[in-house]
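Novice: Sharing a structure below in structure tokens format, with a few things to ask.
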Amino acid sequence: MAEEKKETIAMIRSRLAEVPTPEELLRWSLDGRLGVRQALQQYARRQDKVRQEHERLRALYRYEEHWYAQGKLNIAGTDEAGRGPVAGPVTVAAVILPPHAMLDGLNDSKKLSAVTREKLFKEITETAIAYKILHIPVEVIDSVNIYQAVLDGMQAATMSLQPAAQVLLADAMPVTLPIPVQAIIRGDSQSASIAAASILAKVSRDHLMEELDIQYPQYGFATHKGYLTEHHLSMLKKYGPSPAHRKSFEPIKSMINAI
């Protein structure tokens with residue numbers, strides 16, 4: 001009993017924030033102090049959240065699991081960012097994650113905060129077996145159209161991975177490659193590999209748009225990332241298109257034709 005009294009509630013809370021042993025949890029469960037009971041309840045809730053997150057992440061590997069079972073472990077995911085904006089490149093990423101990599105919070109980049117995307121970007125690039133990020137410039141987009149630019153970019157990014165991908169999971173795009181390709185509708189919310197690619201593409205493109213904002217500060221690229229917001233449209237009407245704008249996209253196309 002004397003040993004137990006030495007453990008203050010603050011000490012127990014501190015241990016619960018780390019990795020308590022089964023013996024410690026059993027001992028504390030017999031402690032009658034209200035503060036200890038509350039600390040254990042909070043710990044149990046945290047553990048439930050961790051279990052739920054791990055279950056969610058395991059479900060994100062259901063497409064990958066199909067190929068793992070066939071002995072193919074280098075599964076690449078590919079996705080793009082910036083298909084809809086009227087300015088800036090479209091960015092494509094391809095990535096191979098280690099099998100069953102548990103990256104807490106991994107999800108479709110559109111569902112994540114900027115802070116979480118940045119954190120996951122660092123974790124993905126540090127954890128990935130291989131990854132490639134390509135910025136496809138406006139000149140190419142205007143030349144071949146946005147759909148073809150994305151398709152070509154996904155193919156190029158995947159083919160450049162080292163070690164080579166054995167299978168590609170693509171976000172709803174029929175990429176042609178000499179390896180099996182599985183196009184998954186809303187893949188960035190259903191596949192861990194595609195979700196990781198969506199984060200790499202989104203964060204990289206956001207950074208590039210912030211650089212373009214320094215070069216062309218009048219348009220507000222750092223804020224809207226090239227999407228046609230009301231402010232962006234008003235600046236286009238005031239200053240006209242910049243070299244960073246997509247000439248094949250409206251209203252840029254009409255503005256140029258009217259000159």
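Identifiers in this document derive from the order of the structure tokens: chains are assigned A, B, ..., residues are numbered from 1 separately in each chain, and ligands are numbered from 1 in order of occurrence.
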Any idea what's packed within 7 Å of segment 202-213 of chain A, counting only C-alpha atoms, ignoring anything in its chain fewer than 4 positions away? Could you give it as a list of chain:residue names?
Specialist: A:Ala81, A:Gly88, A:Thr91, A:Ser109, A:Arg117, A:Glu118, A:Ser198, A:Pro217, A:Gly220, A:Phe221, A:Ala222, A:Lys225
Novice: Give me the residues within 9 Å of segment 250-259 of chain A as a list in words, counting only C-alpha atoms and dropping any in the same chain fewer than 2 places off.
Specialist: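 My list of contacting residues is Val86, Leu233, Leu236, Lys237, Gly240, Pro241, His245, Arg246, Lys247 and Ser248 of chain A.
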Novice: Convert the current residue selection to file output with N, CA and C atoms, as a tab-separated table (two decimals), in the first residue's frame.
Specialist:
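Output (selection08.tsv):
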chain	number	residue	atom	x	y	z
A	86	VAL	N	-8.54	27.85	-63.05
A	86	VAL	CA	-8.28	28.50	-64.34
A	86	VAL	C	-6.85	29.00	-64.43
A	233	LEU	N	-11.94	36.66	-60.30
A	233	LEU	CA	-12.58	37.15	-61.53
A	233	LEU	C	-12.46	38.67	-61.64
A	236	LEU	N	-9.02	39.50	-62.72
A	236	LEU	CA	-8.85	39.18	-64.13
A	236	LEU	C	-9.41	40.30	-65.01
A	237	LYS	N	-10.56	40.79	-64.63
A	237	LYS	CA	-11.18	41.88	-65.40
A	237	LYS	C	-10.35	43.16	-65.31
A	240	GLY	N	-6.38	41.61	-66.58
A	240	GLY	CA	-6.24	40.68	-67.69
A	240	GLY	C	-5.52	39.42	-67.25
A	241	PRO	N	-5.44	38.39	-68.10
A	241	PRO	CA	-4.79	37.13	-67.73
A	241	PRO	C	-3.27	37.28	-67.63
A	245	HIS	N	-2.20	31.81	-66.32
A	245	HIS	CA	-3.58	31.43	-66.56
A	245	HIS	C	-3.70	30.48	-67.74
A	246	ARG	N	-4.73	29.62	-67.67
A	246	ARG	CA	-4.97	28.62	-68.70
A	246	ARG	C	-5.79	29.24	-69.83
A	247	LYS	N	-5.18	29.39	-70.97
A	247	LYS	CA	-5.82	30.08	-72.09
A	247	LYS	C	-6.98	29.30	-72.70
A	248	SER	N	-7.04	28.00	-72.45
A	248	SER	CA	-8.12	27.18	-72.99
A	248	SER	C	-9.33	27.12	-72.06
Novice: For segment 127-132 of chain A, list every protein, DNA or RNA residue within 9 Å, evaluated using only C-alpha atoms, and leave out those in the same chain fewer than 3 positions away; present the list as a PyMOL selection string.
Specialist: chain A and resi 74+76+92-98+101+122-124+157-158+160-165+197+200
Novice: Would you save the residues from that selection as a PDB file, in the first residue's frame, using N, CA, C and O atoms?
Specialist:
ATOM      1  N   ASN A  74       4.284  -3.981 -54.360  1.00  0.00           N
ATOM      2  CA  ASN A  74       4.558  -2.605 -54.781  1.00  0.00           C
ATOM      3  C   ASN A  74       3.331  -2.045 -55.501  1.00  0.00           C
ATOM      4  O   ASN A  74       3.261  -1.996 -56.730  1.00  0.00           O
ATOM      5  N   ALA A  76       1.073   0.988 -56.419  1.00  0.00           N
ATOM      6  CA  ALA A  76       1.118   2.451 -56.538  1.00  0.00           C
ATOM      7  C   ALA A  76      -0.292   3.012 -56.565  1.00  0.00           C
ATOM      8  O   ALA A  76      -1.222   2.391 -57.082  1.00  0.00           O
ATOM      9  N   VAL A  92       0.229  16.028 -60.538  1.00  0.00           N
ATOM     10  CA  VAL A  92      -0.043  14.598 -60.452  1.00  0.00           C
ATOM     11  C   VAL A  92       1.000  13.955 -59.552  1.00  0.00           C
ATOM     12  O   VAL A  92       2.181  14.306 -59.600  1.00  0.00           O
ATOM     13  N   ALA A  93       0.549  13.032 -58.715  1.00  0.00           N
ATOM     14  CA  ALA A  93       1.479  12.301 -57.848  1.00  0.00           C
ATOM     15  C   ALA A  93       1.208  10.805 -57.950  1.00  0.00           C
ATOM     16  O   ALA A  93       0.066  10.381 -58.153  1.00  0.00           O
ATOM     17  N   ALA A  94       2.247  10.034 -57.816  1.00  0.00           N
ATOM     18  CA  ALA A  94       2.153   8.579 -57.707  1.00  0.00           C
ATOM     19  C   ALA A  94       3.004   8.154 -56.526  1.00  0.00           C
ATOM     20  O   ALA A  94       4.087   8.709 -56.305  1.00  0.00           O
ATOM     21  N   VAL A  95       2.535   7.178 -55.768  1.00  0.00           N
ATOM     22  CA  VAL A  95       3.256   6.778 -54.560  1.00  0.00           C
ATOM     23  C   VAL A  95       3.043   5.305 -54.278  1.00  0.00           C
ATOM     24  O   VAL A  95       1.955   4.764 -54.516  1.00  0.00           O
ATOM     25  N   ILE A  96       4.089   4.661 -53.795  1.00  0.00           N
ATOM     26  CA  ILE A  96       4.005   3.280 -53.313  1.00  0.00           C
ATOM     27  C   ILE A  96       4.227   3.302 -51.811  1.00  0.00           C
ATOM     28  O   ILE A  96       5.305   3.705 -51.346  1.00  0.00           O
ATOM     29  N   LEU A  97       3.229   2.899 -51.040  1.00  0.00           N
ATOM     30  CA  LEU A  97       3.354   2.815 -49.590  1.00  0.00           C
ATOM     31  C   LEU A  97       3.789   1.413 -49.182  1.00  0.00           C
ATOM     32  O   LEU A  97       3.477   0.437 -49.876  1.00  0.00           O
ATOM     33  N   PRO A  98       4.491   1.290 -48.064  1.00  0.00           N
ATOM     34  CA  PRO A  98       4.750  -0.052 -47.538  1.00  0.00           C
ATOM     35  C   PRO A  98       3.416  -0.734 -47.236  1.00  0.00           C
ATOM     36  O   PRO A  98       2.446  -0.068 -46.850  1.00  0.00           O
ATOM     37  N   ALA A 101       0.838   0.293 -44.225  1.00  0.00           N
ATOM     38  CA  ALA A 101       1.409   1.430 -43.489  1.00  0.00           C
ATOM     39  C   ALA A 101       0.303   2.182 -42.759  1.00  0.00           C
ATOM     40  O   ALA A 101      -0.690   2.590 -43.368  1.00  0.00           O
ATOM     41  N   LYS A 122       4.684  15.100 -44.972  1.00  0.00           N
ATOM     42  CA  LYS A 122       6.007  14.761 -44.420  1.00  0.00           C
ATOM     43  C   LYS A 122       6.083  13.269 -44.094  1.00  0.00           C
ATOM     44  O   LYS A 122       7.071  12.606 -44.416  1.00  0.00           O
ATOM     45  N   GLU A 123       5.038  12.728 -43.476  1.00  0.00           N
ATOM     46  CA  GLU A 123       5.043  11.317 -43.101  1.00  0.00           C
ATOM     47  C   GLU A 123       5.055  10.414 -44.336  1.00  0.00           C
ATOM     48  O   GLU A 123       5.750   9.393 -44.368  1.00  0.00           O
ATOM     49  N   ILE A 124       4.274  10.794 -45.345  1.00  0.00           N
ATOM     50  CA  ILE A 124       4.208   9.975 -46.563  1.00  0.00           C
ATOM     51  C   ILE A 124       5.549   9.963 -47.279  1.00  0.00           C
ATOM     52  O   ILE A 124       6.046   8.909 -47.685  1.00  0.00           O
ATOM     53  N   ALA A 157       4.225   9.717 -64.107  1.00  0.00           N
ATOM     54  CA  ALA A 157       4.604   9.649 -62.696  1.00  0.00           C
ATOM     55  C   ALA A 157       4.760   8.200 -62.243  1.00  0.00           C
ATOM     56  O   ALA A 157       5.710   7.845 -61.536  1.00  0.00           O
ATOM     57  N   THR A 158       3.829   7.359 -62.657  1.00  0.00           N
ATOM     58  CA  THR A 158       3.879   5.952 -62.252  1.00  0.00           C
ATOM     59  C   THR A 158       5.074   5.240 -62.870  1.00  0.00           C
ATOM     60  O   THR A 158       5.774   4.474 -62.195  1.00  0.00           O
ATOM     61  N   SER A 160       7.873   6.389 -63.630  1.00  0.00           N
ATOM     62  CA  SER A 160       9.161   6.869 -63.118  1.00  0.00           C
ATOM     63  C   SER A 160       9.479   6.340 -61.718  1.00  0.00           C
ATOM     64  O   SER A 160      10.567   6.599 -61.197  1.00  0.00           O
ATOM     65  N   LEU A 161       8.531   5.635 -61.094  1.00  0.00           N
ATOM     66  CA  LEU A 161       8.766   5.128 -59.741  1.00  0.00           C
ATOM     67  C   LEU A 161       9.875   4.068 -59.722  1.00  0.00           C
ATOM     68  O   LEU A 161       9.925   3.203 -60.572  1.00  0.00           O
ATOM     69  N   GLN A 162      10.732   4.192 -58.724  1.00  0.00           N
ATOM     70  CA  GLN A 162      11.794   3.210 -58.497  1.00  0.00           C
ATOM     71  C   GLN A 162      11.843   2.878 -57.011  1.00  0.00           C
ATOM     72  O   GLN A 162      12.050   3.765 -56.201  1.00  0.00           O
ATOM     73  N   PRO A 163      11.613   1.613 -56.639  1.00  0.00           N
ATOM     74  CA  PRO A 163      11.373   0.459 -57.511  1.00  0.00           C
ATOM     75  C   PRO A 163      10.055   0.585 -58.273  1.00  0.00           C
ATOM     76  O   PRO A 163       9.175   1.343 -57.881  1.00  0.00           O
ATOM     77  N   ALA A 164       9.944  -0.176 -59.338  1.00  0.00           N
ATOM     78  CA  ALA A 164       8.786  -0.072 -60.222  1.00  0.00           C
ATOM     79  C   ALA A 164       7.522  -0.582 -59.542  1.00  0.00           C
ATOM     80  O   ALA A 164       7.565  -1.505 -58.715  1.00  0.00           O
ATOM     81  N   ALA A 165       6.418   0.043 -59.905  1.00  0.00           N
ATOM     82  CA  ALA A 165       5.121  -0.420 -59.409  1.00  0.00           C
ATOM     83  C   ALA A 165       4.730  -1.716 -60.108  1.00  0.00           C
ATOM     84  O   ALA A 165       4.997  -1.910 -61.292  1.00  0.00           O
ATOM     85  N   ALA A 197      -1.433   9.711 -52.534  1.00  0.00           N
ATOM     86  CA  ALA A 197      -1.089  10.460 -53.747  1.00  0.00           C
ATOM     87  C   ALA A 197      -1.840  11.785 -53.802  1.00  0.00           C
ATOM     88  O   ALA A 197      -1.293  12.809 -54.225  1.00  0.00           O
ATOM     89  N   LEU A 200       0.002  14.254 -51.586  1.00  0.00           N
ATOM     90  CA  LEU A 200       1.249  14.723 -52.197  1.00  0.00           C
ATOM     91  C   LEU A 200       0.963  15.745 -53.290  1.00  0.00           C
ATOM     92  O   LEU A 200       1.632  16.780 -53.382  1.00  0.00           O
TER      93      LEU A 200
END
Novice: Return the single residue from A:Lys238, A:Gly32, A:Leu169, A:Ser191 that is closest to Ala59 of chain A, with distances computed using only C-alpha atoms.
Specialist: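 Of all the options, A:Ser191 lies closest to Ala59 of chain A.
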Novice: So which residues of segment 117-177 of chain A fall under alpha helix (DSSP H) by DSSP, listed as a PyMOL selection string?
Specialist: chain A and resi 117-127+138-144+146-159
Novice: So, with only C-alpha atoms as the atoms that count, which of A:Ile184, A:Ile75, A:Val90, A:Ile141 lies closest to Val167 of chain A?
Specialist: A:Ile75
Novice: Which residue is closest to Lys110 of chain A? Choose from A:Gly226, A:Gly82, A:Pro174, A:Gly71 and count only C-alpha atoms.
Specialist: A:Gly82
